[in-house]
file final.pdb (PDB, C-alpha atoms)
ATOM      1  CA  MET A 285     -34.755 119.182-133.082
ATOM      2  CA  LYS A 286     -32.971 115.994-134.059
ATOM      3  CA  GLN A 287     -36.070 114.612-135.784
ATOM      4  CA  ALA A 288     -36.545 117.904-137.645
ATOM      5  CA  SER A 289     -32.930 117.791-138.827
ATOM      6  CA  ILE A 290     -33.332 114.198-140.064
ATOM      7  CA  ARG A 291     -36.546 115.188-141.844
ATOM      8  CA  GLN A 292     -34.815 118.094-143.576
ATOM      9  CA  ARG A 293     -31.997 115.838-144.765
ATOM     10  CA  GLU A 294     -34.529 113.370-146.126
ATOM     11  CA  ILE A 295     -36.289 116.179-148.000
ATOM     12  CA  ARG A 296     -33.015 117.455-149.472
ATOM     13  CA  THR A 297     -32.015 113.926-150.487
ATOM     14  CA  GLY A 298     -35.418 113.398-152.120
ATOM     15  CA  TRP A 299     -35.123 116.621-154.117
ATOM     16  CA  LEU A 300     -31.567 115.740-155.157
ATOM     17  CA  LEU A 301     -32.612 112.316-156.442
ATOM     18  CA  THR A 302     -35.651 113.810-158.177
ATOM     19  CA  LEU A 303     -33.575 116.469-159.918
ATOM     20  CA  LEU A 304     -31.071 113.819-160.990
ATOM     21  CA  ALA A 305     -33.887 111.723-162.474
ATOM     22  CA  ILE A 306     -35.288 114.779-164.268
ATOM     23  CA  LEU A 307     -31.835 115.590-165.653
ATOM     24  CA  ILE A 308     -31.440 112.055-167.001
ATOM     25  CA  LEU A 309     -34.908 112.197-168.593
ATOM     26  CA  LEU A 310     -34.064 115.530-170.220
ATOM     27  CA  MET A 311     -30.872 114.071-171.657
ATOM     28  CA  VAL A 312     -32.522 110.872-172.888
ATOM     29  CA  PHE A 313     -35.859 112.221-174.157
ATOM     30  CA  ALA A 314     -36.112 116.001-174.196
ATOM     31  CA  TYR A 315     -32.929 116.774-176.112
ATOM     32  CA  PRO A 316     -33.492 114.278-178.969
ATOM     33  CA  ILE A 317     -37.114 115.367-179.420
ATOM     34  CA  GLY A 318     -36.154 119.031-179.165
ATOM     35  CA  ARG A 319     -33.426 118.468-181.739
ATOM     36  CA  ALA A 320     -35.870 116.653-184.019
ATOM     37  CA  PHE A 321     -38.376 119.511-183.716
ATOM     38  CA  TRP A 322     -35.698 122.051-184.614
ATOM     39  CA  LEU A 323     -34.610 119.967-187.614
ATOM     40  CA  SER A 324     -38.244 119.624-188.741
ATOM     41  CA  LEU A 325     -38.371 123.390-189.284
ATOM     42  CA  PHE A 326     -35.858 123.064-192.112
ATOM     43  CA  ASN A 327     -35.776 121.483-195.538
ATOM     44  CA  GLN A 328     -32.710 119.279-195.711
ATOM     45  CA  ASN A 329     -32.792 116.779-198.537
ATOM     46  CA  LEU A 330     -31.261 115.995-201.899
ATOM     47  CA  GLY A 331     -33.125 118.969-203.389
ATOM     48  CA  THR A 332     -31.205 121.317-201.100
ATOM     49  CA  GLU A 333     -27.980 119.344-201.534
ATOM     50  CA  LEU A 334     -28.387 118.244-197.900
ATOM     51  CA  GLN A 335     -27.992 121.855-196.758
ATOM     52  CA  PRO A 336     -30.596 123.043-194.223
ATOM     53  CA  GLU A 337     -33.001 125.724-195.486
ATOM     54  CA  PHE A 338     -35.476 127.222-193.054
ATOM     55  CA  ALA A 339     -39.036 126.236-194.010
ATOM     56  CA  GLY A 340     -41.065 126.946-190.877
ATOM     57  CA  PHE A 341     -43.962 124.522-190.522
ATOM     58  CA  ALA A 342     -43.965 123.525-194.190
ATOM     59  CA  ASN A 343     -42.999 119.952-193.352
ATOM     60  CA  TYR A 344     -45.990 119.636-191.023
ATOM     61  CA  ALA A 345     -48.301 121.043-193.700
ATOM     62  CA  ARG A 346     -46.880 118.481-196.109
ATOM     63  CA  LEU A 347     -47.547 115.749-193.586
ATOM     64  CA  VAL A 348     -51.269 116.542-193.451
ATOM     65  CA  GLY A 349     -51.655 115.703-197.134
ATOM     66  CA  ASP A 350     -49.256 112.747-197.128
ATOM     67  CA  GLY A 351     -51.388 109.706-197.918
ATOM     68  CA  ARG A 352     -48.511 107.323-197.236
ATOM     69  CA  PHE A 353     -48.161 108.719-193.709
ATOM     70  CA  TRP A 354     -51.842 108.190-192.911
ATOM     71  CA  GLN A 355     -51.740 104.743-194.494
ATOM     72  CA  SER A 356     -48.753 103.706-192.388
ATOM     73  CA  MET A 357     -50.428 105.167-189.305
ATOM     74  CA  TRP A 358     -53.527 103.077-190.059
ATOM     75  CA  HIS A 359     -51.408  99.941-190.477
ATOM     76  CA  THR A 360     -49.676 100.686-187.172
ATOM     77  CA  THR A 361     -53.006 101.173-185.397
ATOM     78  CA  VAL A 362     -54.467  97.932-186.775
ATOM     79  CA  PHE A 363     -51.346  95.997-185.828
ATOM     80  CA  THR A 364     -51.155  97.542-182.344
ATOM     81  CA  VAL A 365     -54.811  97.092-181.398
ATOM     82  CA  SER A 366     -55.094  93.573-182.836
ATOM     83  CA  SER A 367     -51.881  92.224-181.318
ATOM     84  CA  ILE A 368     -52.454  93.775-177.888
ATOM     85  CA  ALA A 369     -56.047  92.504-177.698
ATOM     86  CA  LEU A 370     -54.962  88.952-178.519
ATOM     87  CA  GLU A 371     -51.986  89.128-176.165
ATOM     88  CA  LEU A 372     -54.182  90.307-173.305
ATOM     89  CA  VAL A 373     -56.669  87.443-173.737
ATOM     90  CA  LEU A 374     -54.008  84.764-174.234
ATOM     91  CA  GLY A 375     -51.786  86.198-171.501
ATOM     92  CA  MET A 376     -54.703  86.112-169.055
ATOM     93  CA  ALA A 377     -55.430  82.482-169.937
ATOM     94  CA  ILE A 378     -51.783  81.467-169.531
ATOM     95  CA  ALA A 379     -51.482  83.363-166.248
ATOM     96  CA  LEU A 380     -54.556  81.612-164.856
ATOM     97  CA  VAL A 381     -53.094  78.221-165.778
ATOM     98  CA  LEU A 382     -49.645  79.012-164.369
ATOM     99  CA  ASN A 383     -51.230  80.257-161.151
ATOM    100  CA  GLN A 384     -52.564  76.764-160.434
ATOM    101  CA  ALA A 385     -50.577  74.205-158.444
ATOM    102  CA  PHE A 386     -49.364  71.283-160.575
ATOM    103  CA  PHE A 387     -46.255  69.134-160.950
ATOM    104  CA  GLY A 388     -43.477  70.893-162.874
ATOM    105  CA  ARG A 389     -45.064  74.338-162.598
ATOM    106  CA  GLY A 390     -41.690  76.062-162.186
ATOM    107  CA  LEU A 391     -40.346  74.462-165.359
ATOM    108  CA  VAL A 392     -43.475  75.413-167.317
ATOM    109  CA  ARG A 393     -43.248  78.994-166.095
ATOM    110  CA  THR A 394     -39.642  79.197-167.230
ATOM    111  CA  ALA A 395     -40.438  77.681-170.633
ATOM    112  CA  ALA A 396     -43.299  80.147-171.110
ATOM    113  CA  LEU A 397     -40.790  83.022-171.068
ATOM    114  CA  ILE A 398     -38.637  81.664-173.898
ATOM    115  CA  PRO A 399     -40.473  83.492-176.727
ATOM    116  CA  TRP A 400     -40.112  86.784-174.861
ATOM    117  CA  ALA A 401     -36.375  86.205-174.365
ATOM    118  CA  LEU A 402     -35.593  85.484-178.023
ATOM    119  CA  PRO A 403     -34.202  88.346-180.160
ATOM    120  CA  THR A 404     -36.964  89.814-182.306
ATOM    121  CA  ALA A 405     -34.925  89.753-185.525
ATOM    122  CA  VAL A 406     -34.069  86.056-185.122
ATOM    123  CA  MET A 407     -37.644  85.207-184.226
ATOM    124  CA  GLY A 408     -38.942  87.246-187.188
ATOM    125  CA  LEU A 409     -36.710  85.322-189.577
ATOM    126  CA  ALA A 410     -38.042  82.035-188.202
ATOM    127  CA  TRP A 411     -41.640  83.171-188.657
ATOM    128  CA  ALA A 412     -40.873  84.338-192.178
ATOM    129  CA  TRP A 413     -39.888  80.735-192.967
ATOM    130  CA  ILE A 414     -43.004  79.414-191.226
ATOM    131  CA  PHE A 415     -45.182  81.567-193.493
ATOM    132  CA  ASN A 416     -43.159  80.912-196.643
ATOM    133  CA  ASP A 417     -45.695  80.047-199.349
ATOM    134  CA  GLN A 418     -43.654  77.132-200.750
ATOM    135  CA  PHE A 419     -41.684  75.658-197.860
ATOM    136  CA  GLY A 420     -43.465  77.019-194.793
ATOM    137  CA  VAL A 421     -45.102  74.945-192.077
ATOM    138  CA  ALA A 422     -48.285  77.048-192.226
ATOM    139  CA  ASN A 423     -49.073  75.967-195.779
ATOM    140  CA  ASP A 424     -48.026  72.373-195.038
ATOM    141  CA  ILE A 425     -50.748  72.286-192.404
ATOM    142  CA  LEU A 426     -53.282  73.811-194.798
ATOM    143  CA  ARG A 427     -52.467  71.179-197.418
ATOM    144  CA  LEU A 428     -53.557  68.497-194.954
ATOM    145  CA  LEU A 429     -57.027  70.017-194.763
ATOM    146  CA  PRO A 430     -59.633  69.130-197.403
ATOM    147  CA  ALA A 431     -60.678  71.814-199.891
ATOM    148  CA  VAL A 432     -58.192  74.357-198.514
ATOM    149  CA  GLU A 433     -55.733  76.037-200.848
ATOM    150  CA  PRO A 434     -52.278  77.206-199.710
ATOM    151  CA  ILE A 435     -52.032  80.921-198.992
ATOM    152  CA  THR A 436     -49.366  83.326-200.183
ATOM    153  CA  TRP A 437     -48.952  84.640-196.658
ATOM    154  CA  LEU A 438     -46.292  87.284-197.192
ATOM    155  CA  GLY A 439     -47.337  88.135-200.747
ATOM    156  CA  GLU A 440     -50.874  89.417-200.085
ATOM    157  CA  PRO A 441     -51.873  92.407-197.906
ATOM    158  CA  ILE A 442     -54.284  90.824-195.405
ATOM    159  CA  PRO A 443     -52.409  87.504-194.923
ATOM    160  CA  ALA A 444     -49.155  89.442-194.481
ATOM    161  CA  MET A 445     -50.693  91.540-191.702
ATOM    162  CA  ILE A 446     -52.100  88.385-190.094
ATOM    163  CA  ALA A 447     -48.652  86.785-190.211
ATOM    164  CA  LEU A 448     -47.084  89.815-188.518
ATOM    165  CA  ILE A 449     -49.727  89.843-185.797
ATOM    166  CA  ALA A 450     -49.327  86.104-185.215
ATOM    167  CA  ALA A 451     -45.558  86.426-184.854
ATOM    168  CA  ASP A 452     -45.853  89.373-182.484
ATOM    169  CA  VAL A 453     -48.516  87.646-180.380
ATOM    170  CA  TRP A 454     -46.353  84.532-180.061
ATOM    171  CA  LYS A 455     -43.366  86.568-178.893
ATOM    172  CA  THR A 456     -44.961  89.073-176.513
ATOM    173  CA  THR A 457     -47.851  87.147-174.925
ATOM    174  CA  PRO A 458     -45.452  85.926-172.181
ATOM    175  CA  PHE A 459     -44.992  89.559-171.153
ATOM    176  CA  PHE A 460     -48.694  89.860-170.392
ATOM    177  CA  ALA A 461     -48.677  86.455-168.740
ATOM    178  CA  ILE A 462     -45.864  87.260-166.307
ATOM    179  CA  ILE A 463     -47.348  90.636-165.338
ATOM    180  CA  LEU A 464     -50.810  89.167-164.761
ATOM    181  CA  LEU A 465     -49.381  86.148-162.951
ATOM    182  CA  ALA A 466     -47.676  88.477-160.479
ATOM    183  CA  GLY A 467     -51.020  90.174-159.901
ATOM    184  CA  LEU A 468     -52.831  86.875-159.431
ATOM    185  CA  GLN A 469     -50.356  85.754-156.798
ATOM    186  CA  SER A 470     -51.047  88.900-154.779
ATOM    187  CA  ILE A 471     -54.781  88.097-154.502
ATOM    188  CA  SER A 472     -55.680  86.310-151.279
ATOM    189  CA  LYS A 473     -57.277  82.896-151.723
ATOM    190  CA  ASP A 474     -59.561  83.716-148.805
ATOM    191  CA  LEU A 475     -61.531  86.013-151.111
ATOM    192  CA  TYR A 476     -62.289  83.160-153.483
ATOM    193  CA  GLU A 477     -63.184  80.798-150.641
ATOM    194  CA  ALA A 478     -65.570  83.318-149.091
ATOM    195  CA  HIS A 479     -67.081  84.003-152.502
ATOM    196  CA  ALA A 480     -67.563  80.282-153.117
ATOM    197  CA  ILE A 481     -69.284  79.881-149.745
ATOM    198  CA  ASP A 482     -71.742  82.572-150.854
ATOM    199  CA  GLY A 483     -72.582  80.367-153.834
ATOM    200  CA  ALA A 484     -70.527  82.094-156.531
ATOM    201  CA  THR A 485     -69.358  80.121-159.557
ATOM    202  CA  PRO A 486     -65.741  80.251-160.819
ATOM    203  CA  VAL A 487     -66.845  82.542-163.655
ATOM    204  CA  GLN A 488     -68.502  84.916-161.199
ATOM    205  CA  SER A 489     -65.376  84.907-159.029
ATOM    206  CA  PHE A 490     -63.265  85.748-162.065
ATOM    207  CA  VAL A 491     -65.519  88.647-163.071
ATOM    208  CA  GLN A 492     -66.169  90.014-159.595
ATOM    209  CA  ILE A 493     -62.805  89.405-157.907
ATOM    210  CA  THR A 494     -60.002  88.604-160.348
ATOM    211  CA  LEU A 495     -60.653  91.216-163.022
ATOM    212  CA  PRO A 496     -61.197  94.177-160.648
ATOM    213  CA  LEU A 497     -58.119  93.334-158.585
ATOM    214  CA  LEU A 498     -56.008  92.833-161.729
ATOM    215  CA  THR A 499     -56.978  96.190-163.236
ATOM    216  CA  PRO A 500     -53.693  97.954-162.250
ATOM    217  CA  GLN A 501     -51.569  95.139-163.707
ATOM    218  CA  ILE A 502     -53.659  95.080-166.873
ATOM    219  CA  LEU A 503     -53.278  98.832-167.366
ATOM    220  CA  ILE A 504     -49.519  98.686-166.726
ATOM    221  CA  ALA A 505     -49.095  95.866-169.247
ATOM    222  CA  LEU A 506     -51.225  97.755-171.779
ATOM    223  CA  LEU A 507     -49.158 100.888-171.211
ATOM    224  CA  PHE A 508     -45.835  99.219-171.942
ATOM    225  CA  ARG A 509     -47.081  97.028-174.749
ATOM    226  CA  PHE A 510     -48.826  99.898-176.534
ATOM    227  CA  ALA A 511     -45.596 101.877-176.611
ATOM    228  CA  GLN A 512     -43.673  98.845-177.888
ATOM    229  CA  ALA A 513     -46.214  97.750-180.494
ATOM    230  CA  PHE A 514     -46.715 101.284-181.821
ATOM    231  CA  GLY A 515     -42.987 101.553-182.484
ATOM    232  CA  ILE A 516     -42.598  98.083-184.021
ATOM    233  CA  PHE A 517     -39.755  98.021-186.523
ATOM    234  CA  ASP A 518     -37.413  95.030-186.544
ATOM    235  CA  LEU A 519     -40.135  92.374-186.853
ATOM    236  CA  VAL A 520     -41.716  94.108-189.866
ATOM    237  CA  LEU A 521     -38.366  94.802-191.495
ATOM    238  CA  VAL A 522     -37.308  91.152-191.272
ATOM    239  CA  MET A 523     -40.617  89.495-192.197
ATOM    240  CA  THR A 524     -42.157  91.719-194.882
ATOM    241  CA  GLY A 525     -40.035  94.833-195.276
ATOM    242  CA  GLY A 526     -43.315  96.766-195.284
ATOM    243  CA  GLY A 527     -44.686  94.898-198.285
ATOM    244  CA  PRO A 528     -46.408  93.750-200.294
ATOM    245  CA  ALA A 529     -46.961  97.167-201.898
ATOM    246  CA  ASN A 530     -46.547  98.919-198.511
ATOM    247  CA  ALA A 531     -49.504  96.937-197.131
ATOM    248  CA  THR A 532     -47.677  96.282-193.851
ATOM    249  CA  GLU A 533     -45.600  99.441-193.679
ATOM    250  CA  MET A 534     -45.626 100.794-190.127
ATOM    251  CA  ILE A 535     -44.910 104.395-189.200
ATOM    252  CA  SER A 536     -41.448 103.498-187.877
ATOM    253  CA  LEU A 537     -40.531 101.881-191.198
ATOM    254  CA  TYR A 538     -41.826 104.906-193.122
ATOM    255  CA  ILE A 539     -39.671 107.215-191.001
ATOM    256  CA  TYR A 540     -36.683 104.932-191.588
ATOM    257  CA  ASP A 541     -37.188 105.013-195.370
ATOM    258  CA  THR A 542     -37.693 108.776-195.371
ATOM    259  CA  VAL A 543     -34.441 109.444-193.540
ATOM    260  CA  ARG A 544     -32.145 106.618-194.630
ATOM    261  CA  ARG A 545     -33.354 105.849-198.144
ATOM    262  CA  TYR A 546     -34.620 109.220-199.406
ATOM    263  CA  LEU A 547     -32.302 111.366-197.221
ATOM    264  CA  ASP A 548     -35.164 113.745-196.414
ATOM    265  CA  PHE A 549     -34.037 114.699-192.931
ATOM    266  CA  GLY A 550     -36.373 117.640-192.355
ATOM    267  CA  TYR A 551     -39.539 115.762-193.238
ATOM    268  CA  GLY A 552     -38.339 112.669-191.401
ATOM    269  CA  ALA A 553     -37.860 114.785-188.271
ATOM    270  CA  ALA A 554     -41.424 116.116-188.629
ATOM    271  CA  LEU A 555     -42.689 112.533-188.820
ATOM    272  CA  VAL A 556     -40.767 111.685-185.646
ATOM    273  CA  VAL A 557     -42.204 114.656-183.735
ATOM    274  CA  VAL A 558     -45.813 113.972-184.756
ATOM    275  CA  THR A 559     -45.510 110.253-184.032
ATOM    276  CA  PHE A 560     -43.957 110.996-180.650
ATOM    277  CA  LEU A 561     -46.781 113.396-179.737
ATOM    278  CA  LEU A 562     -49.441 110.866-180.751
ATOM    279  CA  LEU A 563     -47.724 108.170-178.721
ATOM    280  CA  ILE A 564     -47.413 110.448-175.687
ATOM    281  CA  LEU A 565     -51.115 111.314-175.971
ATOM    282  CA  ALA A 566     -52.124 107.662-176.012
ATOM    283  CA  VAL A 567     -49.783 106.773-173.137
ATOM    284  CA  ALA A 568     -51.063 109.763-171.130
ATOM    285  CA  ILE A 569     -54.645 108.520-171.487
ATOM    286  CA  VAL A 570     -53.699 105.070-170.203
ATOM    287  CA  GLY A 571     -51.606 106.637-167.435
ATOM    288  CA  PHE A 572     -54.554 108.809-166.409
ATOM    289  CA  LEU A 573     -56.763 105.745-166.156
ATOM    290  CA  LEU A 574     -54.072 104.015-164.112
ATOM    291  CA  SER A 575     -53.766 106.936-161.677
ATOM    292  CA  LYS A 576     -57.527 107.005-161.181
ATOM    293  CA  THR A 577     -57.741 103.296-160.420
ATOM    294  CA  ARG A 578     -58.238 102.692-156.738
ATOM    295  CA  ILE A 579     -59.081  99.147-155.713
ATOM    296  CA  ASN A 580     -59.787  97.795-152.241
ATOM    297  CA  VAL A 581     -59.808  94.191-151.123
ATOM    298  CA  LEU A 582     -63.464  93.859-152.128
ATOM    299  CA  GLY A 583     -62.714  94.772-155.740
ATOM    300  CA  ASP A 584     -64.627  98.104-155.650
ATOM    301  CA  GLN A 585     -63.217 100.939-157.695
TER     302      GLN A 585
END
call {"tool": "encode", "arguments": {"input": "final.pdb", "output": "structure tokens"}}
result
Amino acid sequence: MKQASIRQREIRTGWLLTLLAILILLMVFAYPIGRAFWLSLFNQNLGTELQPEFAGFANYARLVGDGRFWQSMWHTTVFTVSSIALELVLGMAIALVLNQAFFGRGLVRTAALIPWALPTAVMGLAWAWIFNDQFGVANDILRLLPAVEPITWLGEPIPAMIALIAADVWKTTPFFAIILLAGLQSISKDLYEAHAIDGATPVQSFVQITLPLLTPQILIALLFRFAQAFGIFDLVLVMTGGGPANATEMISLYIYDTVRRYLDFGYGAALVVVTFLLLILAVAIVGFLLSKTRINVLGDQ
């Protein structure tokens, strides 16, 4: 009877904590998105003298034919996929190095986190100076190379996107590195020793042991970084402002301009809702893959 009573109290406590968490999530996420959806059903802009006029799903129909929306979504996708791919590769390499035993490893690990700790706006301003076409370090390096002309990094579409990706990779690669390093430290060295006795090379051990056992950490890092990169705002605003000619305008910057510059609140709310749904869809796919990942000590899934 006593054990049953303790079990019942544990169940009630669990439900109480779960309901509290759900309530907090509803306050933080559900209400703002619900409010944005309600606002998206109205026209509220300078044309209506900022007075809401019910329009149904007209804002969503307008969005389908909005070339600037699809262009900004394409820019966001290119930026997100490119930066995350580079961060994953570089983060894995850094994690493998930091997982080795060498003198001063603790200091190196601490220093590796500095880019991640810096404020994005401050870091973006520094990178804007690095890629300045007249005074920047990037062009100073190019001038040292034979037959290489300086590049107007922030004044041309493709170089501007490259500059943004480079700045983001420099700042957020430590995030991947620290997540993967934690995963590497949880892998028993006995697995590698047994694999080496069987005649496996370091590359084979990496492919057959390290990668399978790091799959959960990789998916978690991808999950968080995708959400962050897809909503990138401050870095783009500081470095390029979405230019040149909207060539680096991300969806977050387009929403900002729609609401704050053009005062089109109804359409801006529709952009928020659609972007949120697309982001949730992408995160749900990664989360589904994460929930289906089951790895044993042999690296079998």
call {"tool": "residues_around", "arguments": {"input": "final.pdb", "residues": "Ile398 in chain A", "least_positions_apart": "5", "cutoff": "12 Å", "atoms": "only C-alpha atoms", "output": "JSON, numbers by chain"}}
result
{"A": [391, 392, 393, 403, 404, 407, 454, 455, 456, 457, 458, 459, 462]}
call {"tool": "closest_residue", "arguments": {"input": "final.pdb", "among": "A:Val406, A:Ile378, A:Val567, A:Leu370", "to": "Ala450 in chain A", "atoms": "all atoms listed in the file"}}
result
A:Leu370
call {"tool": "closest_residue", "arguments": {"input": "final.pdb", "among": "A:Ala554, A:Leu562, A:Val421, A:Ala529", "to": "Arg319 in chain A", "atoms": "all atoms listed in the file"}}
result
A:Ala554
call {"tool": "residues_around", "arguments": {"input": "final.pdb", "residues": "Ile442 in chain A", "least_positions_apart": "3", "cutoff": "12 Å", "atoms": "all atoms listed in the file", "output": "number ranges by chain"}}
result
A: 359, 362-363, 435-439, 445-449, 527-532
call {"tool": "closest_atom_pairs", "arguments": {"input": "final.pdb", "of": "range 361-428 of chain A", "to": "range 510-520 of chain A", "cutoff": "7 Å", "atoms": "all atoms listed in the file", "output": "Markdown table"}}
result
| residue | atom | partner | partner_atom | distance |
| --- | --- | --- | --- | --- |
| A:Thr364 | CA | A:Ala513 | CA | 5.3 |
| A:Thr404 | CA | A:Leu519 | CA | 6.1 |
| A:Ala405 | CA | A:Asp518 | CA | 5.9 |
| A:Gly408 | CA | A:Leu519 | CA | 5.3 |
